[in-house]
>>> print(open('target-v9.cif').read())   # mmCIF, C-alpha atoms
data_final
loop_
_atom_site.label_atom_id
_atom_site.label_comp_id
_atom_site.auth_asym_id
_atom_site.auth_seq_id
_atom_site.Cartn_x
_atom_site.Cartn_y
_atom_site.Cartn_z
CA MET O 1 0.00 0.00 0.00
CA SER O 2 1.28 3.46 -0.87
CA GLU O 3 2.54 5.57 2.05
CA LEU O 4 0.79 8.61 0.63
CA VAL O 5 -2.57 6.95 1.09
CA LYS O 6 -3.72 4.63 3.84
CA ILE O 7 -6.93 2.83 4.58
CA VAL O 8 -7.90 2.97 8.23
CA GLU O 9 -10.03 0.00 9.28
CA LYS O 10 -12.66 0.74 11.92
CA LYS O 11 -14.23 -2.70 12.09
CA PRO O 12 -13.30 -6.25 11.04
CA ILE O 13 -13.32 -6.48 7.24
CA PRO O 14 -15.16 -9.45 5.71
CA SER O 15 -13.18 -11.83 3.54
CA GLY O 16 -14.42 -12.99 0.15
CA ALA O 17 -16.95 -10.17 -0.32
CA THR O 18 -17.88 -8.41 -3.57
CA MET O 19 -16.28 -4.96 -3.65
CA LEU O 20 -18.34 -2.17 -5.26
CA TYR O 21 -16.94 1.17 -6.38
CA GLY O 22 -19.11 4.29 -6.47
CA LEU O 23 -16.72 7.15 -7.04
CA PRO O 24 -17.72 10.51 -8.54
CA ASP O 25 -17.62 10.29 -12.32
CA VAL O 26 -19.87 10.78 -15.36
CA GLY O 27 -23.41 11.70 -14.23
CA LEU O 28 -22.44 10.60 -10.69
CA VAL O 29 -24.01 7.27 -11.71
CA GLY O 30 -21.74 5.06 -9.58
CA LEU O 31 -21.89 7.34 -6.56
CA ILE O 32 -25.69 7.60 -6.60
CA ALA O 33 -26.11 3.84 -7.17
CA THR O 34 -23.66 2.84 -4.45
CA SER O 35 -24.97 5.38 -1.91
CA TYR O 36 -28.49 4.06 -2.48
CA LEU O 37 -27.30 0.48 -2.08
CA ILE O 38 -25.52 1.33 1.18
CA SER O 39 -28.72 2.81 2.51
CA GLU O 40 -30.98 -0.01 1.26
CA LEU O 41 -28.72 -2.81 2.55
CA ASN O 42 -28.00 -0.87 5.73
CA LEU O 43 -24.25 -1.30 5.31
CA GLU O 44 -22.12 0.11 8.12
CA GLU O 45 -18.93 2.13 7.84
CA ILE O 46 -16.01 -0.27 8.22
CA ALA O 47 -13.05 1.78 6.97
CA TYR O 48 -12.03 5.10 5.46
CA MET O 49 -9.20 6.52 3.40
CA ASP O 50 -6.69 8.93 4.90
CA SER O 51 -4.44 10.73 2.46
CA ASP O 52 -2.49 13.95 2.10
CA LEU O 53 -3.25 13.74 -1.64
CA LEU O 54 -6.92 14.51 -1.00
CA PRO O 55 -8.14 18.05 -0.27
CA PRO O 56 -8.32 19.08 3.42
CA VAL O 57 -12.00 18.26 3.73
CA VAL O 58 -14.04 16.57 6.42
CA VAL O 59 -17.75 15.78 6.01
CA LEU O 60 -20.05 16.33 8.96
CA HIS O 61 -22.91 13.90 9.47
CA GLU O 62 -25.09 14.28 12.56
CA GLY O 63 -22.46 16.72 13.83
CA LEU O 64 -19.63 14.20 13.66
CA PRO O 65 -16.66 14.35 11.28
CA HIS O 66 -16.23 11.69 8.60
CA ALA O 67 -13.60 11.17 5.92
CA PRO O 68 -15.05 11.94 2.47
CA LEU O 69 -13.83 8.63 1.03
CA ARG O 70 -15.37 5.84 3.08
CA ILE O 71 -15.83 2.10 2.87
CA TYR O 72 -19.01 0.39 3.99
CA GLY O 73 -19.79 -3.28 4.24
CA ASN O 74 -21.48 -6.38 5.55
CA LYS O 75 -20.39 -9.99 5.16
CA ASN O 76 -21.22 -10.06 1.44
CA PHE O 77 -20.42 -6.56 0.20
CA ILE O 78 -17.77 -3.90 0.54
CA ALA O 79 -18.83 -0.56 -0.95
CA VAL O 80 -16.51 2.39 -1.59
CA ILE O 81 -17.95 5.88 -1.97
CA SER O 82 -16.49 9.36 -2.02
CA GLU O 83 -18.39 12.54 -1.20
CA LEU O 84 -15.50 14.42 -2.74
CA ALA O 85 -14.45 14.62 -6.37
CA ILE O 86 -11.12 12.82 -6.34
CA PRO O 87 -8.39 15.16 -7.63
CA ALA O 88 -7.19 13.87 -11.00
CA PRO O 89 -3.48 13.82 -9.99
CA ALA O 90 -4.30 11.62 -6.95
CA LEU O 91 -6.45 9.13 -8.86
CA HIS O 92 -3.76 6.57 -9.72
CA THR O 93 -2.52 6.31 -6.14
CA VAL O 94 -6.03 6.23 -4.68
CA MET O 95 -7.24 3.50 -7.05
CA ARG O 96 -4.08 1.41 -6.74
CA THR O 97 -4.39 1.55 -2.95
CA LEU O 98 -8.05 0.50 -3.04
CA VAL O 99 -7.38 -2.41 -5.39
CA ASP O 100 -4.36 -3.55 -3.34
CA TRP O 101 -6.43 -3.33 -0.14
CA GLY O 102 -9.27 -5.29 -1.72
CA GLN O 103 -6.80 -7.98 -2.74
CA THR O 104 -5.58 -8.34 0.85
CA LYS O 105 -9.24 -8.84 1.85
CA LYS O 106 -9.51 -11.60 -0.77
CA VAL O 107 -12.50 -9.97 -2.45
CA LYS O 108 -14.42 -12.29 -4.75
CA MET O 109 -14.92 -9.64 -7.42
CA MET O 110 -14.65 -5.88 -7.92
CA VAL O 111 -17.55 -4.05 -9.56
CA SER O 112 -17.31 -0.51 -10.88
CA MET O 113 -20.61 1.18 -11.53
CA GLY O 114 -20.66 4.23 -13.75
CA GLY O 115 -21.93 5.99 -16.82
CA ILE O 116 -21.19 6.24 -20.51
CA PRO O 117 -21.88 9.80 -21.63
CA ILE O 118 -24.24 10.16 -24.57
CA GLU O 119 -25.27 13.42 -26.15
CA ASN O 120 -29.00 12.77 -26.55
CA ARG O 121 -29.55 11.31 -23.10
CA GLN O 122 -32.67 13.42 -22.47
CA VAL O 123 -34.60 11.64 -25.22
CA ILE O 124 -33.78 8.15 -23.86
CA THR O 125 -36.26 6.80 -21.32
CA GLU O 126 -34.54 3.49 -20.53
CA PRO O 127 -30.75 3.85 -20.64
CA GLN O 128 -28.87 0.81 -21.89
CA VAL O 129 -26.20 -0.74 -19.66
CA TYR O 130 -22.92 -1.99 -21.10
CA GLY O 131 -20.54 -4.39 -19.43
CA ALA O 132 -16.77 -4.53 -19.33
CA ALA O 133 -14.65 -7.17 -17.62
CA SER O 134 -11.07 -7.99 -16.73
CA THR O 135 -11.16 -11.50 -18.24
CA LYS O 136 -12.72 -13.29 -21.20
CA GLU O 137 -14.57 -15.68 -18.86
CA LEU O 138 -16.24 -12.79 -17.04
CA LEU O 139 -17.21 -11.17 -20.35
CA ASP O 140 -18.95 -14.43 -21.24
CA VAL O 141 -20.79 -14.38 -17.90
CA LEU O 142 -21.97 -10.83 -18.58
CA SER O 143 -23.12 -11.78 -22.08
CA LYS O 144 -25.05 -14.75 -20.72
CA LYS O 145 -26.80 -12.40 -18.30
CA GLY O 146 -27.96 -10.43 -21.34
CA LEU O 147 -25.63 -7.45 -21.05
CA SER O 148 -24.23 -5.72 -24.11
CA ILE O 149 -20.45 -5.69 -24.04
CA LEU O 150 -18.33 -2.59 -24.40
CA LYS O 151 -16.18 -4.04 -27.15
CA GLU O 152 -13.93 -1.21 -28.30
CA GLY O 153 -13.18 2.29 -27.11
CA TYR O 154 -11.57 4.18 -24.29
CA MET O 155 -12.34 4.16 -20.59
CA VAL O 156 -11.03 7.06 -18.55
CA GLY O 157 -11.08 7.64 -14.81
CA PRO O 158 -11.70 5.50 -11.71
CA GLN O 159 -13.31 2.57 -13.52
CA ALA O 160 -10.51 2.51 -16.10
CA LEU O 161 -7.89 2.20 -13.37
CA THR O 162 -9.86 -0.41 -11.42
CA MET O 163 -10.05 -2.48 -14.58
CA ARG O 164 -6.35 -2.01 -15.37
CA TYR O 165 -5.03 -2.82 -11.88
CA CYS O 166 -7.41 -5.76 -11.46
CA ALA O 167 -6.34 -7.21 -14.82
CA GLU O 168 -2.68 -6.84 -13.78
CA LYS O 169 -3.32 -8.61 -10.48
CA LYS O 170 -5.66 -11.19 -12.00
CA ILE O 171 -8.54 -10.07 -9.79
CA SER O 172 -12.00 -10.57 -11.25
CA ALA O 173 -13.44 -7.17 -12.11
CA ILE O 174 -16.44 -5.96 -14.02
CA GLY O 175 -17.70 -2.54 -15.05
CA LEU O 176 -21.42 -1.80 -15.37
CA LEU O 177 -21.86 1.38 -17.35
CA ALA O 178 -25.21 2.96 -18.16
CA GLN O 179 -25.88 5.50 -20.85
CA SER O 180 -26.00 8.77 -18.95
CA PHE O 181 -25.63 12.52 -18.93
CA TYR O 182 -22.02 13.62 -18.91
CA ASN O 183 -22.19 16.37 -16.32
CA TYR O 184 -25.73 16.27 -14.96
CA PRO O 185 -26.50 13.88 -12.08
CA ASP O 186 -28.38 10.90 -13.47
CA PRO O 187 -30.36 8.90 -10.86
CA GLU O 188 -32.28 7.01 -13.59
CA ALA O 189 -29.03 5.71 -15.05
CA ALA O 190 -28.00 4.73 -11.50
CA ALA O 191 -31.25 2.80 -11.07
CA THR O 192 -30.67 0.98 -14.37
CA VAL O 193 -27.15 -0.01 -13.31
CA LEU O 194 -28.49 -1.33 -9.99
CA LYS O 195 -31.02 -3.48 -11.83
CA GLU O 196 -28.16 -5.08 -13.78
CA LEU O 197 -26.09 -5.49 -10.61
CA SER O 198 -29.01 -7.27 -9.06
CA LYS O 199 -29.01 -9.81 -11.95
CA ILE O 200 -25.28 -10.45 -11.63
CA THR O 201 -24.90 -10.63 -7.86
CA GLU O 202 -28.38 -11.99 -7.24
CA ILE O 203 -29.22 -9.46 -4.55
CA LYS O 204 -32.68 -7.94 -4.59
CA ILE O 205 -32.61 -4.16 -4.98
CA ASP O 206 -35.84 -2.21 -5.19
CA VAL O 207 -34.98 0.99 -7.06
CA SER O 208 -38.42 2.58 -6.77
CA LYS O 209 -37.40 4.92 -3.92
CA LEU O 210 -34.35 6.02 -5.90
CA LEU O 211 -36.53 6.89 -8.88
CA GLU O 212 -39.04 8.70 -6.65
CA LYS O 213 -36.29 10.82 -5.14
CA GLY O 214 -34.64 11.41 -8.53
CA GLU O 215 -35.46 15.12 -8.85
CA GLU O 216 -34.39 15.84 -5.30
CA ILE O 217 -31.10 13.98 -5.85
CA ARG O 218 -30.44 16.01 -9.00
CA LEU O 219 -30.79 19.23 -7.00
CA LYS O 220 -28.72 18.01 -4.08
CA ALA O 221 -25.93 16.67 -6.28
CA ARG O 222 -25.29 19.93 -8.20
CA ASP O 223 -22.20 20.98 -6.26
CA ILE O 224 -20.39 17.64 -6.29
CA MET O 225 -21.27 17.26 -9.98
CA LYS O 226 -19.69 20.64 -10.73
CA ARG O 227 -16.49 19.76 -8.88
CA THR O 228 -16.42 16.31 -10.47
CA GLN O 229 -16.66 17.94 -13.89
CA GLN O 230 -13.57 20.05 -13.13
CA GLU O 231 -11.63 16.87 -12.30
CA MET O 232 -13.02 15.04 -15.35
CA ASN O 233 -11.74 17.88 -17.53
CA LYS O 234 -8.29 17.52 -15.99
CA MET O 235 -8.17 13.75 -16.59
CA LYS O 236 -9.34 14.29 -20.22
CA LYS O 237 -12.52 12.31 -19.62
CA SER O 238 -13.83 13.47 -22.99
CA GLN O 239 -11.40 10.96 -24.52
CA GLU O 240 -14.21 8.44 -24.00
CA TYR O 241 -15.84 10.04 -27.05
CA ASP O 242 -12.73 9.33 -29.16
CA LEU O 243 -12.69 6.69 -31.84
CA PRO O 244 -9.85 4.26 -31.29
CA LEU O 245 -7.33 3.46 -34.01
CA TYR O 246 -7.18 -0.20 -34.93
CA VAL O 247 -5.38 -0.93 -38.13
CA MET P 1 24.25 23.52 -25.35
CA TYR P 2 22.41 21.95 -28.27
CA GLU P 3 19.91 20.59 -25.79
CA ARG P 4 19.19 24.06 -24.40
CA ARG P 5 18.77 25.58 -27.88
CA ARG P 6 16.47 22.77 -28.94
CA LYS P 7 14.28 23.26 -25.87
CA ARG P 8 13.70 26.90 -26.72
CA SER P 9 12.69 26.34 -30.31
CA ILE P 10 9.59 28.16 -31.51
CA PHE P 11 7.56 24.94 -31.16
CA ASP P 12 8.68 24.49 -27.55
CA LEU P 13 7.82 28.09 -26.80
CA MET P 14 4.39 27.65 -28.38
CA SER P 15 3.81 24.44 -26.50
CA GLU P 16 4.88 26.03 -23.18
CA TYR P 17 2.68 29.01 -23.92
CA MET P 18 -0.31 26.76 -24.66
CA GLU P 19 0.24 24.77 -21.45
CA GLU P 20 0.44 27.98 -19.41
CA PHE P 21 -2.65 29.28 -21.14
CA GLU P 22 -4.59 26.07 -20.45
CA ALA P 23 -3.53 26.12 -16.79
CA LEU P 24 -4.64 29.75 -16.48
CA ALA P 25 -7.95 28.98 -18.18
CA ASP P 26 -8.49 26.06 -15.78
CA GLU P 27 -7.72 28.30 -12.81
CA LEU P 28 -10.10 30.93 -14.09
CA MET P 29 -12.86 28.38 -14.62
CA GLU P 30 -12.34 27.04 -11.11
CA SER P 31 -12.45 30.52 -9.61
CA PHE P 32 -15.83 31.05 -11.31
CA ALA P 33 -17.10 27.90 -9.66
CA GLU P 34 -16.01 29.12 -6.22
CA ARG P 35 -19.28 30.77 -5.37
CA PRO P 36 -22.31 29.25 -3.71
CA SER P 37 -24.80 27.50 -5.93
CA TRP P 38 -27.61 29.32 -4.10
CA ASN P 39 -28.69 32.87 -3.40
CA ILE P 40 -30.75 33.55 -0.29
CA GLU P 41 -31.76 37.10 -1.29
CA SER P 42 -33.35 36.01 -4.55
CA CYS P 43 -34.50 32.62 -3.12
CA CYS P 44 -32.82 30.90 -6.08
CA LEU P 45 -30.75 27.79 -6.58
CA GLU P 46 -28.34 27.86 -9.48
CA PRO P 47 -28.92 24.91 -11.82
CA LEU P 48 -26.14 23.09 -13.63
CA CYS P 49 -25.77 24.59 -17.07
CA ASN P 50 -23.59 23.98 -20.12
CA VAL P 51 -22.74 25.88 -23.28
CA PHE P 52 -21.54 24.10 -26.42
CA VAL P 53 -20.41 25.82 -29.58
CA THR P 54 -20.79 23.89 -32.84
CA PRO P 55 -19.92 25.18 -36.32
CA LYS P 56 -23.54 26.21 -36.92
CA GLU P 57 -25.10 26.61 -33.50
CA VAL P 58 -24.63 27.48 -29.86
CA VAL P 59 -26.42 24.94 -27.69
CA ILE P 60 -27.16 25.79 -24.07
CA THR P 61 -28.55 23.13 -21.75
CA ALA P 62 -29.62 23.37 -18.12
CA ASP P 63 -30.68 20.71 -15.63
CA LEU P 64 -33.98 21.93 -14.16
CA PRO P 65 -35.40 19.19 -11.93
CA ASN P 66 -38.44 19.82 -9.70
CA THR P 67 -39.77 22.53 -12.04
CA GLU P 68 -42.91 22.97 -14.15
CA HIS P 69 -42.67 23.50 -17.87
CA GLU P 70 -45.22 26.37 -17.70
CA THR P 71 -43.08 28.47 -15.35
CA LEU P 72 -39.97 28.26 -17.49
CA LYS P 73 -38.68 31.60 -18.78
CA VAL P 74 -35.79 32.28 -21.13
CA GLU P 75 -34.90 35.95 -21.57
CA ALA P 76 -32.16 37.55 -23.64
CA LEU P 77 -30.58 40.14 -21.31
CA SER P 78 -28.13 41.33 -23.95
CA GLU P 79 -26.60 40.04 -27.18
CA ASP P 80 -24.37 37.62 -25.31
CA LEU P 81 -26.24 36.95 -22.07
CA ILE P 82 -29.45 35.08 -21.37
CA GLU P 83 -31.34 34.36 -18.17
CA ILE P 84 -33.07 31.06 -17.50
CA THR P 85 -35.58 30.89 -14.64
CA ALA P 86 -38.09 28.27 -13.56
CA LYS P 87 -40.26 27.99 -10.47
CA MET P 88 -39.81 24.90 -8.35
CA LYS P 89 -42.79 22.58 -7.86
CA ARG P 90 -41.88 22.22 -4.22
CA LYS P 91 -39.93 24.89 -2.34
CA MET P 92 -36.76 23.71 -0.66
CA ARG P 93 -35.10 24.93 2.50
CA PHE P 94 -31.56 24.44 3.74
CA ASP P 95 -33.08 21.82 6.10
CA ASP P 96 -33.93 19.70 3.06
CA PHE P 97 -30.21 19.54 2.29
CA GLY P 98 -29.46 18.61 5.91
CA ILE P 99 -28.02 22.08 6.61
CA THR P 100 -29.14 23.46 9.97
CA HIS P 101 -26.64 26.31 10.42
CA ARG P 102 -28.16 28.44 7.63
CA GLU P 103 -31.69 29.66 7.04
CA GLY P 104 -33.43 30.30 3.78
CA GLU P 105 -36.00 29.02 1.36
CA PHE P 106 -35.58 28.45 -2.36
CA SER P 107 -38.48 28.74 -4.77
CA SER P 108 -36.80 29.05 -8.18
CA LEU P 109 -33.89 27.89 -10.28
CA ARG P 110 -32.00 30.64 -12.08
CA CYS P 111 -28.83 30.93 -14.11
CA GLN P 112 -27.34 33.42 -16.57
CA PRO P 113 -25.19 31.64 -19.13
CA ARG P 114 -23.02 33.74 -21.42
CA ILE P 115 -23.10 33.12 -25.17
CA PRO P 116 -19.48 33.02 -26.34
CA VAL P 117 -19.94 33.82 -30.07
CA PRO P 118 -22.43 36.02 -31.99
CA VAL P 119 -25.85 34.34 -32.42
CA ASP P 120 -29.29 35.21 -33.65
CA THR P 121 -31.27 35.26 -30.38
CA LYS P 122 -34.55 35.84 -32.23
CA ARG P 123 -34.27 32.44 -33.93
CA MET P 124 -33.60 30.40 -30.82
CA LYS P 125 -35.34 27.03 -30.47
CA ILE P 126 -36.27 25.73 -27.03
CA SER P 127 -37.12 22.22 -25.89
CA PHE P 128 -37.69 20.82 -22.40
CA LYS P 129 -37.47 17.05 -21.94
CA HIS P 130 -36.79 15.00 -18.84
CA GLY P 131 -36.22 18.22 -16.85
CA ILE P 132 -33.43 19.23 -19.24
CA LEU P 133 -33.81 22.54 -21.01
CA GLU P 134 -32.13 22.82 -24.39
CA ILE P 135 -31.82 26.13 -26.25
CA ARG P 136 -30.35 26.21 -29.75
CA PHE P 137 -29.19 29.48 -31.27
CA PRO P 138 -28.10 29.68 -34.92
CA ARG P 139 -24.68 31.34 -35.13
CA LYS P 140 -24.40 34.58 -37.03
CA ARG P 141 -22.48 33.93 -40.22
CA GLY P 142 -19.51 36.10 -41.09
CA TYR P 143 -18.48 36.29 -44.71
CA GLU P 144 -17.44 33.59 -47.09
CA ILE P 145 -13.85 33.40 -48.27
CA LYS P 146 -13.62 32.46 -51.92
CA VAL P 147 -11.38 29.51 -52.72
CA GLU P 148 -9.45 30.24 -55.90
#
>>> encode(input="target-v9.cif", output="structure tokens")
Amino acid sequence: MSELVKIVEKKPIPSGATMLYGLPDVGLVGLIATSYLISELNLEEIAYMDSDLLPPVVVLHEGLPHAPLRIYGNKNFIAVISELAIPAPALHTVMRTLVDWGQTKKVKMMVSMGGIPIENRQVITEPQVYGAASTKELLDVLSKKGLSILKEGYMVGPQALTMRYCAEKKISAIGLLAQSFYNYPDPEAAATVLKELSKITEIKIDVSKLLEKGEEIRLKARDIMKRTQQEMNKMKKSQEYDLPLYV
Amino acid sequence: MYERRRKRSIFDLMSEYMEEFEALADELMESFAERPSWNIESCCLEPLCNVFVTPKEVVITADLPNTEHETLKVEALSEDLIEITAKMKRKMRFDDFGITHREGEFSSLRCQPRIPVPVDTKRMKISFKHGILEIRFPRKRGYEIKVE
């Protein structure tokens, strides 16, 4: 684990769990989905990240200070969320540390939830979810579950690094990416991703409350979306629109 | 010596200049963002808003959740500035955001995006779908350069 970043464990960490990532990114899809899941499954805070690479921010909840990047869990799931847009220069170290830590906890699989920006999102009522995976076998599993596969193209940001480090370390990893707004919070896309997660992990997730609260979430998420956009610009997130060169 | 000369070639200077310019532009953009996304005096929340410039159009979008289509107003304040306002279906207070150390109620969403290039504001087209406002302005054409 990098010395610049450390994960402080507050409670015993389960072994063999599925590790979910919900870090601020396109449309805040992963963050909204994971936060909702934490609340629905009543996961408790088991660890947090401490790092000088992150801005000097503490989040107050019920009057008590919390680290912005926290890890929740129960015996089956470990969920990582950040209430802070992760600064682009810190992203490699943060993601490497999380993947390394997950490996020490012998996680069964890592799942990144996120969005794929599309320009005409407002005319789409049911966003499509695409899957990505660290191995051919996992891609086959996703296909069998009926997911379309993200075959070619670029991934940029937290999910790209999770995928890269997991592939290097031969850790099973998948990405579930819903068509979404680029820089507007997208609770509907988050709900769609959760439906797919539910098929893959066989947990029951009722997304009706998330959809009901959609408008409120969009208003509440304005500030973190704005700051996330600044970091996405720095990490050249728009490269996801690029067409790759295969000769 | 050769190394030093090569580093200061015109291309290096241009590249350094562009990097400095980009960093300054980023800083400037960030400093614009460093203001609250709410205004207690006007009871307004500032919605997220984006401006895109294409070869033929300027497209402005704004995320306007919790608003009614009928209350939406788009006004051209000047040639390069518009104001978007919409009343909220349900008023929100700081309490609704979990904030108890401030007081205030918000009843509208309002933003004033700037139009970066000349457009024809009279020919703007507006649509509102899924709580997303989209305004399209045709760009004013300059003059055509003849290819000989």
>>> residues_near_point(input="target-v9.cif", point="(-27.8, 33.1, 0.4)", cutoff="12 Å", atoms="all atoms listed in the file", output="list in words")
Arg35, Pro36, Ser37, Trp38, Asn39, Ile40, Glu41, Ser42, Cys43, Cys44, Leu45, Glu46, Arg93, Phe94, Arg102, Glu103, Gly104, Glu105 and Phe106 of chain P
>>> write_last_selection(input="target-v9.cif", atoms="C-alpha atoms", output="compact mmCIF listing (two decimals), in the coordinates of the input")
# COMPACT_ATOMS: atom_id res chain seq x y z
CA ARG P 35 -19.28 30.77 -5.37
CA PRO P 36 -22.31 29.25 -3.71
CA SER P 37 -24.80 27.50 -5.93
CA TRP P 38 -27.61 29.32 -4.10
CA ASN P 39 -28.69 32.87 -3.40
CA ILE P 40 -30.75 33.55 -0.29
CA GLU P 41 -31.76 37.10 -1.29
CA SER P 42 -33.35 36.01 -4.55
CA CYS P 43 -34.50 32.62 -3.12
CA CYS P 44 -32.82 30.90 -6.08
CA LEU P 45 -30.75 27.79 -6.58
CA GLU P 46 -28.34 27.86 -9.48
CA ARG P 93 -35.10 24.93 2.50
CA PHE P 94 -31.56 24.44 3.74
CA ARG P 102 -28.16 28.44 7.63
CA GLU P 103 -31.69 29.66 7.04
CA GLY P 104 -33.43 30.30 3.78
CA GLU P 105 -36.00 29.02 1.36
CA PHE P 106 -35.58 28.45 -2.36
>>> residues_around(input="target-v9.cif", residues="Ser127 of chain P", least_positions_apart="6", cutoff="10 Å", atoms="all atoms listed in the file", output="PDB file with C-alpha atoms, in the coordinates of the input")
ATOM      1  CA  THR P  61     -28.550  23.130 -21.750  1.00  0.00           C
ATOM      2  CA  HIS P  69     -42.670  23.500 -17.870  1.00  0.00           C
ATOM      3  CA  LEU P 133     -33.810  22.540 -21.010  1.00  0.00           C
ATOM      4  CA  GLU P 134     -32.130  22.820 -24.390  1.00  0.00           C
ATOM      5  CA  ILE P 135     -31.820  26.130 -26.250  1.00  0.00           C
ATOM      6  CA  ARG P 136     -30.350  26.210 -29.750  1.00  0.00           C
TER       7      ARG P 136
END
>>> residues_near_point(input="target-v9.cif", point="(-36.0, 15.4, -17.8)", cutoff="9 Å", atoms="all atoms listed in the file", output="list in words")
Gln122, Val123 and Glu215 of chain O; Asp63, Leu64, Pro65, Phe128, Lys129, His130, Gly131, Ile132 and Leu133 of chain P
>>> residues_around(input="target-v9.cif", residues="segment 153-157 of chain O", least_positions_apart="3", cutoff="6 Å", atoms="all atoms listed in the file", output="JSON list (two decimals) with C-alpha atoms, in the frame of the given file")
[["chain", "number", "residue", "atom", "x", "y", "z"],
["O", 160, "ALA", "CA", -10.51, 2.51, -16.10],
["O", 237, "LYS", "CA", -12.52, 12.31, -19.62],
["O", 240, "GLU", "CA", -14.21, 8.44, -24.00],
["O", 244, "PRO", "CA", -9.85, 4.26, -31.29]]
>>> atom_distance(input="target-v9.cif", atom1="atom CA of Lys226 of chain O", atom2="atom CA of Asp186 of chain O")
13.3 Å
>>> closest_residue(input="target-v9.cif", among="O:Ala85, O:Met95, O:Leu23, O:Leu60", to="chain P", atoms="only C-alpha atoms")
O:Leu60
